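Just target-v2.cif here, mmCIF, C-alpha atoms:
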```cif
data_run
#
loop_
_atom_site.label_atom_id
_atom_site.label_comp_id
_atom_site.auth_asym_id
_atom_site.auth_seq_id
_atom_site.Cartn_x
_atom_site.Cartn_y
_atom_site.Cartn_z
CA MET X 1 49.77 -8.92 17.61
CA LYS X 2 53.44 -8.23 18.19
CA ASN X 3 55.19 -6.21 15.56
CA PRO X 4 57.97 -8.36 14.04
CA GLY X 5 59.96 -5.22 13.32
CA ILE X 6 58.01 -3.66 10.45
CA LYS X 7 58.30 0.12 10.30
CA LEU X 8 54.79 1.37 9.52
CA LEU X 9 55.93 4.92 8.75
CA ASP X 10 59.08 5.91 6.86
CA GLU X 11 61.19 8.98 7.59
CA ASN X 12 59.11 11.10 5.17
CA GLY X 13 55.93 10.22 7.04
CA LYS X 14 54.74 7.94 4.21
CA ARG X 15 53.00 4.66 4.92
CA LEU X 16 53.90 1.19 3.64
CA ASP X 17 51.92 1.63 0.42
CA GLY X 18 53.16 5.18 -0.05
CA ARG X 19 50.05 6.89 1.26
CA GLY X 20 50.07 9.93 3.51
CA LEU X 21 48.50 9.70 6.96
CA LYS X 22 45.16 11.17 5.89
CA GLU X 23 44.77 9.41 2.55
CA LEU X 24 42.27 6.72 1.55
CA ARG X 25 43.08 3.60 -0.42
CA PRO X 26 41.71 3.63 -4.00
CA ILE X 27 37.98 2.81 -4.07
CA THR X 28 35.76 1.77 -6.94
CA ILE X 29 32.01 1.29 -6.56
CA LYS X 30 29.63 -0.16 -9.12
CA ALA X 31 25.88 -0.35 -8.51
CA GLY X 32 23.52 -2.87 -10.07
CA VAL X 33 25.77 -5.81 -10.87
CA LEU X 34 23.44 -8.72 -10.06
CA ASP X 35 20.42 -9.52 -12.23
CA ARG X 36 18.53 -11.70 -9.78
CA ALA X 37 18.80 -9.37 -6.79
CA ASP X 38 16.51 -6.35 -6.35
CA GLY X 39 19.55 -4.18 -5.71
CA SER X 40 23.28 -4.86 -5.74
CA CYS X 41 26.70 -3.32 -5.53
CA TYR X 42 30.27 -4.39 -6.13
CA LEU X 43 32.95 -2.49 -4.29
CA GLU X 44 36.73 -2.60 -4.28
CA TRP X 45 38.49 -0.77 -1.49
CA GLY X 46 42.24 -1.22 -1.63
CA GLY X 47 42.64 -4.99 -1.44
CA ASN X 48 39.06 -5.57 -0.31
CA LYS X 49 36.51 -6.92 -2.74
CA VAL X 50 32.91 -7.12 -1.56
CA LEU X 51 29.65 -7.93 -3.28
CA ALA X 52 26.33 -6.85 -1.77
CA GLY X 53 22.84 -8.02 -2.75
CA VAL X 54 19.50 -6.76 -1.45
CA TYR X 55 16.20 -8.65 -1.65
CA GLY X 56 12.80 -7.49 -0.57
CA PRO X 57 10.76 -6.21 1.18
CA ARG X 58 9.41 -9.75 1.17
CA GLU X 59 7.57 -12.21 3.37
CA VAL X 60 9.18 -12.76 6.79
CA ILE X 61 10.60 -16.23 7.37
CA PRO X 62 10.08 -17.62 10.01
CA ARG X 63 6.69 -15.98 10.20
CA HIS X 64 6.55 -15.36 13.95
CA LEU X 65 9.41 -12.86 13.65
CA ALA X 66 7.24 -10.50 11.60
CA ASP X 67 6.78 -7.09 13.20
CA PRO X 68 3.36 -5.54 12.52
CA LEU X 69 4.83 -2.04 12.93
CA LYS X 70 7.94 -2.15 10.79
CA ALA X 71 10.11 -4.13 8.44
CA ARG X 72 12.79 -6.45 9.69
CA VAL X 73 16.32 -6.12 8.36
CA VAL X 74 18.45 -9.21 7.92
CA TYR X 75 22.10 -8.43 7.34
CA ARG X 76 24.56 -11.17 6.59
CA TYR X 77 28.26 -10.39 6.52
CA ASN X 78 30.07 -13.41 5.21
CA LEU X 79 33.79 -13.90 4.80
CA ALA X 80 34.45 -16.21 1.86
CA PRO X 81 36.78 -19.11 2.70
CA PHE X 82 39.26 -17.92 0.06
CA SER X 83 39.15 -14.26 1.10
CA VAL X 84 41.99 -14.43 3.61
CA ASP X 85 45.53 -15.87 3.76
CA GLU X 86 44.60 -18.87 5.83
CA ARG X 87 41.34 -20.48 4.74
CA ALA X 88 38.42 -19.12 6.77
CA ARG X 89 36.10 -21.82 8.04
CA PRO X 90 32.83 -21.40 6.09
CA GLY X 91 29.70 -20.33 7.90
CA PRO X 92 28.99 -17.72 10.54
CA SER X 93 31.70 -17.16 13.13
CA ARG X 94 31.75 -15.20 16.37
CA ARG X 95 33.29 -12.30 14.48
CA SER X 96 30.91 -12.28 11.51
CA ILE X 97 27.82 -12.58 13.72
CA GLU X 98 28.92 -9.47 15.62
CA ILE X 99 29.69 -7.51 12.47
CA SER X 100 26.31 -8.50 11.02
CA LYS X 101 24.55 -7.25 14.14
CA VAL X 102 26.21 -3.84 14.36
CA SER X 103 25.92 -3.28 10.59
CA ARG X 104 22.24 -4.22 10.66
CA GLU X 105 21.62 -1.71 13.41
CA ALA X 106 23.41 0.95 11.40
CA LEU X 107 21.19 0.35 8.36
CA GLU X 108 18.02 0.21 10.45
CA LYS X 109 18.66 3.85 11.37
CA ALA X 110 18.65 4.87 7.73
CA ILE X 111 15.77 2.87 6.24
CA PHE X 112 12.13 3.96 6.52
CA LEU X 113 11.17 0.63 8.10
CA GLU X 114 7.67 1.72 9.08
CA GLU X 115 6.68 1.88 5.39
CA PHE X 116 6.86 -1.90 5.04
CA PRO X 117 5.14 -3.51 8.03
CA LYS X 118 5.28 -7.31 8.33
CA THR X 119 8.03 -7.64 5.77
CA GLN X 120 11.70 -8.45 5.71
CA ILE X 121 14.55 -6.80 3.84
CA ASP X 122 17.49 -9.10 3.23
CA VAL X 123 20.97 -7.68 2.81
CA TYR X 124 23.68 -10.18 1.96
CA VAL X 125 27.27 -9.06 1.77
CA GLU X 126 29.97 -11.44 0.64
CA VAL X 127 33.57 -10.50 1.27
CA LEU X 128 35.43 -12.05 -1.63
CA GLU X 129 38.82 -10.69 -0.70
CA ALA X 130 39.77 -9.19 2.64
CA GLU X 131 42.52 -6.76 3.48
CA ALA X 132 41.51 -4.84 6.63
CA GLY X 133 38.45 -2.63 6.85
CA THR X 134 35.99 -5.15 5.46
CA ARG X 135 33.14 -4.13 7.75
CA CYS X 136 33.38 -0.57 6.43
CA ALA X 137 33.59 -1.77 2.84
CA ALA X 138 30.65 -4.15 3.38
CA LEU X 139 28.43 -1.50 4.94
CA THR X 140 29.29 1.05 2.27
CA ALA X 141 28.40 -1.46 -0.45
CA ALA X 142 25.23 -2.54 1.35
CA SER X 143 23.86 0.99 1.52
CA VAL X 144 24.46 1.53 -2.21
CA ALA X 145 22.72 -1.79 -2.91
CA LEU X 146 19.76 -0.73 -0.74
CA ALA X 147 19.39 2.52 -2.64
CA ASP X 148 19.67 0.59 -5.90
CA ALA X 149 16.86 -1.72 -4.72
CA GLY X 150 14.58 1.32 -4.48
CA ILE X 151 14.19 1.11 -0.72
CA PRO X 152 13.27 4.47 0.85
CA MET X 153 16.04 5.75 3.10
CA ARG X 154 16.77 8.88 5.11
CA ASP X 155 20.30 8.92 3.77
CA LEU X 156 23.01 6.59 2.55
CA VAL X 157 25.23 5.01 5.17
CA THR X 158 28.93 5.59 4.70
CA ALA X 159 31.64 3.88 6.69
CA CYS X 160 35.33 4.55 7.12
CA ALA X 161 37.99 3.68 9.69
CA ALA X 162 40.73 5.66 11.36
CA GLY X 163 43.50 4.23 13.51
CA LYS X 164 46.78 4.80 15.24
CA ILE X 165 50.14 3.77 13.83
CA GLU X 166 53.49 4.65 15.42
CA GLY X 167 51.62 7.02 17.74
CA LYS X 168 50.04 8.99 14.90
CA ILE X 169 46.40 9.08 13.78
CA ALA X 170 45.96 7.60 10.30
CA LEU X 171 42.99 7.21 7.99
CA ASP X 172 41.82 3.87 6.57
CA LEU X 173 44.26 1.28 7.91
CA MET X 174 45.64 -1.42 5.67
CA LYS X 175 46.39 -4.99 6.73
CA GLU X 176 49.83 -4.53 8.31
CA GLU X 177 48.75 -1.36 10.07
CA ASP X 178 45.67 -3.10 11.42
CA ASN X 179 47.74 -6.04 12.69
CA TYR X 180 50.71 -4.18 14.11
CA GLY X 181 49.27 -0.72 14.74
CA GLU X 182 48.07 0.55 18.11
CA ALA X 183 44.38 1.13 17.39
CA ASP X 184 41.62 0.61 14.83
CA PHE X 185 38.49 2.74 14.94
CA PRO X 186 35.77 2.05 12.35
CA ILE X 187 32.74 4.33 12.22
CA ALA X 188 29.70 4.67 9.98
CA ILE X 189 27.76 7.88 9.50
CA MET X 190 24.76 9.23 7.69
CA PRO X 191 26.59 11.90 5.68
CA ARG X 192 23.87 14.57 5.57
CA THR X 193 23.65 15.01 9.32
CA LYS X 194 26.94 13.28 10.19
CA GLU X 195 25.02 11.17 12.69
CA ILE X 196 27.09 8.20 13.84
CA VAL X 197 25.34 4.89 13.28
CA LEU X 198 28.22 2.53 13.98
CA MET X 199 31.30 2.94 16.13
CA GLN X 200 33.71 0.30 17.30
CA MET X 201 37.24 0.40 18.60
CA ASP X 202 40.13 -1.95 19.02
CA GLY X 203 43.22 -0.63 20.85
CA ASN X 204 43.91 2.43 22.92
CA PHE X 205 43.46 6.16 22.34
CA THR X 206 43.92 9.12 24.63
CA ARG X 207 41.00 11.53 24.80
CA GLU X 208 42.69 13.93 22.36
CA GLU X 209 43.57 11.12 19.97
CA LEU X 210 39.99 9.89 19.98
CA THR X 211 38.71 13.32 19.00
CA GLU X 212 41.26 13.53 16.20
CA ALA X 213 40.52 9.98 15.04
CA LEU X 214 36.79 10.70 14.93
CA GLU X 215 37.35 13.82 12.87
CA THR X 216 39.71 11.94 10.54
CA ALA X 217 37.27 9.08 10.07
CA ILE X 218 34.36 11.43 9.35
CA ASN X 219 36.46 13.26 6.77
CA GLY X 220 37.32 9.94 5.17
CA ALA X 221 33.68 8.86 5.17
CA MET X 222 32.69 12.08 3.40
CA GLN X 223 35.17 11.26 0.64
CA VAL X 224 33.68 7.76 0.37
CA TYR X 225 30.20 9.31 0.23
CA GLU X 226 31.16 11.27 -2.88
CA LEU X 227 32.14 7.98 -4.56
CA GLN X 228 28.87 6.31 -3.52
CA LYS X 229 26.96 9.26 -4.95
CA LYS X 230 28.93 9.09 -8.18
CA ALA X 231 28.32 5.34 -8.54
CA LEU X 232 24.55 5.80 -8.19
CA LYS X 233 24.33 8.86 -10.42
CA GLU X 234 26.37 7.24 -13.17
CA ARG X 235 24.38 4.03 -13.19
CA TYR X 236 21.67 5.57 -15.32
CA LYS X 237 21.98 8.12 -18.08
CA ILE X 238 19.06 10.38 -18.84
CA GLU X 239 18.35 10.06 -22.53
CA GLY X 240 17.37 12.88 -24.83
CA GLU X 241 19.05 15.62 -22.81
CA MET U 1 12.20 21.24 -17.70
CA ILE U 2 15.18 19.73 -15.91
CA LYS U 3 15.67 16.04 -15.28
CA ARG U 4 18.31 14.73 -12.91
CA ILE U 5 19.02 11.70 -10.81
CA VAL U 6 18.57 12.06 -7.06
CA ILE U 7 19.73 9.73 -4.31
CA PRO U 8 18.34 9.16 -0.81
CA GLY U 9 19.12 12.07 1.49
CA GLU U 10 19.68 14.59 -1.29
CA GLU U 11 18.10 17.99 -0.72
CA ILE U 12 15.22 18.83 -3.04
CA LYS U 13 14.66 22.56 -3.60
CA ALA U 14 11.63 22.17 -5.88
CA ARG U 15 8.15 21.59 -4.47
CA VAL U 16 7.63 17.84 -4.54
CA LYS U 17 4.76 15.91 -2.99
CA ASP U 18 5.82 12.28 -2.97
CA HIS U 19 9.00 10.38 -2.13
CA VAL U 20 10.41 13.15 0.06
CA TYR U 21 10.70 13.69 3.79
CA GLU U 22 10.98 16.91 5.74
CA ARG U 23 13.56 17.89 8.37
CA ASN U 24 13.76 21.42 9.81
CA GLY U 25 11.78 22.94 6.95
CA LYS U 26 13.89 21.38 4.22
CA PHE U 27 12.94 18.50 1.94
CA TYR U 28 15.09 15.51 1.13
CA SER U 29 14.60 12.65 -1.29
CA LYS U 30 13.66 9.29 0.20
CA VAL U 31 14.47 7.28 -2.88
CA TYR U 32 16.90 6.75 -5.71
CA GLY U 33 15.00 8.25 -8.62
CA VAL U 34 14.66 10.89 -11.30
CA LEU U 35 13.61 14.41 -10.35
CA ILE U 36 11.61 16.11 -13.07
CA GLU U 37 11.54 19.81 -12.31
CA ASP U 38 9.70 22.63 -14.02
CA LYS U 39 9.44 26.19 -12.64
CA GLY U 40 9.98 25.24 -9.02
CA VAL U 41 7.49 22.40 -9.06
CA GLY U 42 8.62 18.86 -9.52
CA ARG U 43 8.04 15.21 -8.98
CA ILE U 44 10.26 12.27 -8.23
CA VAL U 45 9.94 9.07 -10.21
CA PRO U 46 11.71 6.20 -8.43
CA LEU U 47 14.03 4.13 -10.64
CA LYS U 48 12.99 0.94 -8.90
CA GLY U 49 10.31 0.15 -6.41
CA HIS U 50 7.86 -2.23 -4.87
CA TYR U 51 4.16 -2.49 -5.24
CA VAL U 52 2.24 -1.01 -2.32
CA PRO U 53 -1.50 -1.66 -2.78
CA ARG U 54 -3.84 1.30 -2.87
CA LYS U 55 -7.60 1.37 -2.91
CA GLY U 56 -9.04 1.22 -6.42
CA ASP U 57 -5.93 -0.23 -8.09
CA ILE U 58 -6.47 -2.84 -10.78
CA VAL U 59 -4.07 -5.71 -10.13
CA ILE U 60 -3.30 -9.05 -11.71
CA GLY U 61 -3.02 -11.91 -9.28
CA VAL U 62 -2.37 -15.61 -9.15
CA ILE U 63 -4.63 -17.79 -6.98
CA GLU U 64 -2.47 -19.27 -4.26
CA GLU U 65 -4.81 -21.02 -1.91
CA ILE U 66 -8.53 -21.74 -1.69
CA LYS U 67 -10.01 -20.76 1.67
CA TYR U 68 -13.48 -20.95 3.06
CA GLY U 69 -15.41 -18.09 1.47
CA GLY U 70 -12.65 -16.94 -0.82
CA CYS U 71 -9.06 -17.30 -2.02
CA LEU U 72 -5.61 -16.03 -1.19
CA VAL U 73 -4.11 -14.24 -4.14
CA ASP U 74 -0.48 -13.42 -4.87
CA ILE U 75 -0.44 -9.82 -6.06
CA ASN U 76 3.34 -9.26 -6.05
CA THR U 77 3.46 -8.03 -2.45
CA ALA U 78 5.06 -9.59 0.62
CA GLU U 79 1.68 -10.60 2.01
CA SER U 80 -1.02 -12.29 -0.12
CA ALA U 81 -4.32 -10.53 -0.66
CA PHE U 82 -7.73 -12.00 0.21
CA LEU U 83 -10.45 -12.25 -2.37
CA PRO U 84 -13.91 -13.06 -0.99
CA THR U 85 -15.67 -14.89 -3.78
CA GLU U 86 -18.28 -17.56 -4.45
CA ARG U 87 -16.65 -18.48 -7.72
CA GLU U 88 -14.67 -21.66 -7.96
CA TYR U 89 -11.07 -20.96 -8.76
CA GLU U 90 -8.21 -23.36 -8.90
CA GLN U 91 -4.71 -22.87 -7.64
CA GLY U 92 -2.63 -21.14 -10.33
CA ASP U 93 -5.53 -19.37 -12.03
CA LEU U 94 -4.78 -15.88 -13.26
CA ILE U 95 -7.25 -13.15 -12.35
CA SER U 96 -7.59 -9.40 -12.60
CA ALA U 97 -9.21 -7.69 -9.64
CA GLU U 98 -9.68 -4.35 -7.96
CA VAL U 99 -8.23 -3.49 -4.56
CA ASP U 100 -11.25 -3.01 -2.31
CA SER U 101 -9.57 -1.99 0.94
CA ILE U 102 -6.21 -2.01 2.74
CA ASN U 103 -5.69 -2.72 6.42
CA GLU U 104 -3.11 -1.13 8.71
CA VAL U 105 -0.36 -3.55 7.72
CA LYS U 106 -0.99 -2.91 4.04
CA GLU U 107 -2.72 -6.20 3.30
CA ALA U 108 -5.27 -5.90 0.54
CA ARG U 109 -8.80 -7.22 0.07
CA LEU U 110 -9.86 -7.66 -3.52
CA THR U 111 -13.15 -7.34 -5.37
CA ASN U 112 -14.49 -7.32 -8.97
CA ASP U 113 -12.50 -10.40 -9.91
CA ARG U 114 -12.33 -11.65 -13.49
CA LYS U 115 -10.59 -14.76 -14.62
CA LEU U 116 -8.06 -14.33 -17.40
CA PHE U 117 -8.04 -17.19 -19.90
CA GLY U 118 -4.92 -17.95 -21.91
CA GLY U 119 -2.72 -15.10 -23.07
CA ALA U 120 0.73 -14.17 -21.84
CA LEU U 121 1.94 -12.50 -18.68
CA VAL U 122 4.70 -9.90 -18.68
CA GLU U 123 6.26 -8.80 -15.39
CA VAL U 124 7.80 -5.35 -15.06
CA ASP U 125 8.90 -3.11 -12.20
CA PRO U 126 5.74 -1.52 -10.70
CA VAL U 127 7.26 1.98 -10.95
CA LYS U 128 7.19 1.69 -14.77
CA ILE U 129 3.43 1.12 -14.92
CA PRO U 130 2.36 4.82 -15.13
CA ARG U 131 4.69 5.26 -18.11
CA ILE U 132 3.31 2.15 -19.82
CA ILE U 133 -0.25 3.43 -19.35
CA GLY U 134 0.65 6.96 -20.45
CA LYS U 135 -1.34 10.14 -20.05
CA ASN U 136 -5.07 9.27 -20.21
CA ASN U 137 -4.16 5.72 -21.30
CA SER U 138 -2.54 7.13 -24.47
CA MET U 139 0.40 4.74 -24.58
CA ILE U 140 -1.43 1.54 -23.75
CA ASP U 141 -4.34 2.39 -26.07
CA MET U 142 -1.85 2.90 -28.88
CA ILE U 143 -0.28 -0.52 -28.28
CA ARG U 144 -3.72 -2.14 -28.11
CA GLU U 145 -4.82 -0.48 -31.31
CA LYS U 146 -1.69 -1.08 -33.37
CA THR U 147 -1.23 -4.71 -32.36
CA GLY U 148 -4.89 -5.62 -32.05
CA THR U 149 -4.31 -7.31 -28.71
CA LYS U 150 -6.28 -7.38 -25.51
CA ILE U 151 -4.17 -5.97 -22.68
CA VAL U 152 -4.87 -5.74 -18.95
CA VAL U 153 -2.35 -3.67 -17.02
CA GLY U 154 -2.07 -4.39 -13.31
CA ARG U 155 -0.70 -1.69 -11.04
CA ASN U 156 1.34 -4.40 -9.35
CA GLY U 157 3.69 -4.68 -12.32
CA ARG U 158 1.96 -7.50 -14.16
CA ILE U 159 0.65 -7.09 -17.67
CA TRP U 160 -1.59 -9.65 -19.35
CA ILE U 161 -1.65 -9.73 -23.16
CA LYS U 162 -3.77 -11.83 -25.46
CA GLY U 163 -4.01 -11.75 -29.23
CA GLU U 164 -2.23 -12.44 -32.50
CA GLU U 165 0.62 -10.00 -32.01
CA THR U 166 1.34 -10.69 -28.36
CA SER U 167 5.10 -10.78 -28.80
CA LYS U 168 5.14 -7.42 -30.57
CA ALA U 169 3.12 -5.82 -27.78
CA ALA U 170 5.48 -7.39 -25.22
CA GLU U 171 8.46 -6.03 -27.14
CA ALA U 172 6.94 -2.54 -27.11
CA ILE U 173 6.45 -2.78 -23.33
CA ASP U 174 10.03 -3.92 -22.96
CA MET U 175 11.15 -0.85 -24.91
CA ILE U 176 9.15 1.43 -22.60
CA VAL U 177 10.73 -0.19 -19.55
CA LYS U 178 14.24 0.26 -20.94
CA HIS U 179 13.76 3.87 -22.02
CA THR U 180 11.33 5.11 -19.34
CA HIS U 181 12.98 8.49 -18.97
CA ALA U 182 13.64 9.24 -22.64
CA THR U 183 11.87 12.20 -24.17
CA GLY U 184 9.66 11.55 -27.19
CA LEU U 185 9.11 7.93 -26.20
CA THR U 186 5.57 7.83 -27.57
CA GLU U 187 6.94 8.62 -31.06
CA THR U 188 9.61 5.92 -30.81
CA ILE U 189 7.04 3.31 -29.78
CA LYS U 190 4.66 4.46 -32.50
CA ASN U 191 7.36 4.09 -35.15
CA PHE U 192 8.26 0.68 -33.79
CA LEU U 193 4.66 -0.53 -33.87
CA GLU U 194 4.05 0.84 -37.36
CA GLY U 195 7.21 -0.76 -38.73
CA GLU U 196 7.10 -3.93 -40.76
CA SER U 197 6.20 -6.91 -38.65
CA ARG U 198 8.94 -9.49 -38.84
#
```
Can I see the file as structure tokens?
Amino acid sequence: MKNPGIKLLDENGKRLDGRGLKELRPITIKAGVLDRADGSCYLEWGGNKVLAGVYGPREVIPRHLADPLKARVVYRYNLAPFSVDERARPGPSRRSIEISKVSREALEKAIFLEEFPKTQIDVYVEVLEAEAGTRCAALTAASVALADAGIPMRDLVTACAAGKIEGKIALDLMKEEDNYGEADFPIAIMPRTKEIVLMQMDGNFTREELTEALETAINGAMQVYELQKKALKERYKIEGE
Amino acid sequence: MIKRIVIPGEEIKARVKDHVYERNGKFYSKVYGVLIEDKGVGRIVPLKGHYVPRKGDIVIGVIEEIKYGGCLVDINTAESAFLPTEREYEQGDLISAEVDSINEVKEARLTNDRKLFGGALVEVDPVKIPRIIGKNNSMIDMIREKTGTKIVVGRNGRIWIKGEETSKAAEAIDMIVKHTHATGLTETIKNFLEGESR
């Protein structure tokens, strides 16, 4: 998209919302918000609001898709019609099908699928309000919801994006930066080993910029991980201590 | 004794047998649960979970379908269990049975079936069952004794209660579920059961 003349960085190096280049937007995570789901999470990330629900392991539908060696993960990323400025047409789109696929593959790396043969684990993520970086927000919420559902995992999955604005590498792009910036680079990692489980890119980086962006995004993800940890640890209080 | 909440991927220094995985000589938690640690030895109790059938478990099932030579029984798992029986059951009948064997995709075969007549069914998370039973059945025996009810506890998270004070027994179970990790829970439940019946 062509920049209509918005300056993304001011003379002090501050961004449109007053953040520094390597700062995250405010994030709040709350685990266990839905009664009818096995596990759930509500997450606000800047202007993003996402709600994740996990069901299962349960019977595979349709039955012929059942894998006798491992569980099947169904991930649905859905953008609510009212989540964006111009009404989004309800139902899966080209974009949401792609996001669902890459996010599903990221979670499959973390879950011990072989413990639940011939079953299906459903992960539904609804984006209630979108403001750039929804796939990261959705995946972050989904992994908290999975842990909350009691599903055995190697690690949580934490996502965060880096990008390029006015030729500089910035962490966690907001809407204007995503639209008028030069690059957007979302990644997801398993924080313990820092293994990358999702990586996408839109825009151009030089080799050096890519290295810096990766480092920035991993640093951001580690900060998000601390918040995920906090949300899970604060959900329950141990009584009588 | 130290109790703390662990999340998937968190390193566990204490010696723990279940719910952990090993990478390069170190152990990490697989689940979101409570680590109970005492002198370097510990165990992890998941906060939520799913029933995975094991041989010898007593489960409570609902008859789903009558097949030739037996029935399919819903035992709170993704796949129904098979119960070979001569007895004539009807769809919807409640039974208690023992898990006879498990195949490689964790489907169960049942045996020693008994039909449960009347009573009430309480469903709880399967991870809470050991706490409801207590050490050497202490907790469940106490509830049985103080309320004078018949109780069958299924490992699959289903509890069948029959008797005069069914609701009181169900309330006690509900209390155990809500305060699973509290210390001195047996005392609390005892006081509750001995209190005036409303």
Please report as a PyMOL selection string which residues of chain U come no farther than 9 Å from chain X, using only C-alpha atoms.
-> chain U and resi 2-10+19+21+28-34+46-50+52+77-79+104-106+179+181-184
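Atom CA of X:Glu195 lies 15.7 Å from atom CA of X:Ala213.
Of the residues listed (X:Val197, X:Pro4, X:Ser143, X:Gln223), X:Val197 shows the shortest atom-to-atom separation from X:Ala106; distances use all atoms listed in the file.
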How would you write, as JSON, numbers by chain, the residues chosen by the PyMOL selection byres ((chain X and resi 29) around 9) on this structure?
-> {"X": [27, 28, 30, 31, 41, 42, 43, 44, 45, 141, 144, 227, 228, 230, 231, 232]}
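Once the PyMOL selection byres ((chain U and resi 169) around 9) is applied to the shown structure, the selection contains Ile143, Arg144, Lys146, Thr147, Thr149, Ile151, Ile161, Glu165, Thr166, Ser167, Lys168, Ala170, Glu171, Ala172, Ile173, Asp174 and Leu193 of chain U.
Picture a line from atom CA of X:Leu214 to atom CA of X:Gly47; it runs 23.4 Å.
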Distance criterion (all atoms listed in the file): nearest to U:Gly69 out of U:Lys190, U:Arg158, U:Lys55, U:Arg87 | U:Arg87
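Here, the PyMOL selection byres ((chain U and resi 41) around 10) matches Met1, Lys13, Ala14, Arg15, Val16, Lys17, Ile36, Glu37, Asp38, Lys39, Gly40, Gly42 and Arg43 of chain U.
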Write to file, as an mmCIF file, keeping the file's coordinate frame, the residues of the selection just made, with C-alpha atoms.
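Writing done, so here's out.cif:
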```cif
data_model
loop_
_atom_site.group_PDB
_atom_site.id
_atom_site.type_symbol
_atom_site.label_atom_id
_atom_site.label_comp_id
_atom_site.auth_asym_id
_atom_site.auth_seq_id
_atom_site.Cartn_x
_atom_site.Cartn_y
_atom_site.Cartn_z
ATOM 1 C CA MET U 1 12.200 21.240 -17.700
ATOM 2 C CA LYS U 13 14.660 22.560 -3.600
ATOM 3 C CA ALA U 14 11.630 22.170 -5.880
ATOM 4 C CA ARG U 15 8.150 21.590 -4.470
ATOM 5 C CA VAL U 16 7.630 17.840 -4.540
ATOM 6 C CA LYS U 17 4.760 15.910 -2.990
ATOM 7 C CA ILE U 36 11.610 16.110 -13.070
ATOM 8 C CA GLU U 37 11.540 19.810 -12.310
ATOM 9 C CA ASP U 38 9.700 22.630 -14.020
ATOM 10 C CA LYS U 39 9.440 26.190 -12.640
ATOM 11 C CA GLY U 40 9.980 25.240 -9.020
ATOM 12 C CA GLY U 42 8.620 18.860 -9.520
ATOM 13 C CA ARG U 43 8.040 15.210 -8.980
#
```
One-decimal distance in Å that lies between atom CA of U:Ile75 and atom CA of U:Glu145 | 27.3 Å
Of the residues U:Leu116, U:Ala108, U:Asp74, U:Ile63, which is the one nearest to U:Glu90, using only C-alpha atoms?
-> U:Ile63
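Counting only C-alpha atoms, the residue from X:Val33, X:Ala183, X:Leu198, X:Ala88 that sits nearest to X:Val102 is X:Leu198.
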List the neighbours of X:Lys194 out to 9 Å using all atoms listed in the file; skip same-chain residues closer than 5 positions along the sequence, and give me the result as an MDAnalysis selection string.
-> chainID X and resid 189 218 222
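You can rank U:Ile60, U:Leu110, U:Ile176, U:Val99 by their closest distance to U:Val127 using only C-alpha atoms, and at the top of that list sits U:Ile176.
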Could you list, as a PDB file with C-alpha atoms, in the coordinates of the input, every residue within 10 Å of X:Leu210, counting only C-alpha atoms and ignoring same-chain residues fewer than 4 positions away?
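Result saved to part_29.pdb:
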```
ATOM      1  CA  ALA X 162      40.730   5.660  11.360  1.00  0.00           C
ATOM      2  CA  GLY X 163      43.500   4.230  13.510  1.00  0.00           C
ATOM      3  CA  LYS X 164      46.780   4.800  15.240  1.00  0.00           C
ATOM      4  CA  ILE X 169      46.400   9.080  13.780  1.00  0.00           C
ATOM      5  CA  PHE X 185      38.490   2.740  14.940  1.00  0.00           C
ATOM      6  CA  MET X 201      37.240   0.400  18.600  1.00  0.00           C
ATOM      7  CA  ASN X 204      43.910   2.430  22.920  1.00  0.00           C
ATOM      8  CA  PHE X 205      43.460   6.160  22.340  1.00  0.00           C
ATOM      9  CA  THR X 206      43.920   9.120  24.630  1.00  0.00           C
ATOM     10  CA  LEU X 214      36.790  10.700  14.930  1.00  0.00           C
ATOM     11  CA  GLU X 215      37.350  13.820  12.870  1.00  0.00           C
ATOM     12  CA  THR X 216      39.710  11.940  10.540  1.00  0.00           C
TER      13      THR X 216
END
```
Residues near U:Glu88, cut-off 9 Å, only C-alpha atoms, skip fewer than 2 positions along chain, as a PDB file with C-alpha atoms, keeping the file's coordinate frame:
```pdb
ATOM      1  CA  ILE U  66      -8.530 -21.740  -1.690  1.00  0.00           C
ATOM      2  CA  GLY U  70     -12.650 -16.940  -0.820  1.00  0.00           C
ATOM      3  CA  THR U  85     -15.670 -14.890  -3.780  1.00  0.00           C
ATOM      4  CA  GLU U  86     -18.280 -17.560  -4.450  1.00  0.00           C
ATOM      5  CA  GLU U  90      -8.210 -23.360  -8.900  1.00  0.00           C
TER       6      GLU U  90
END
```
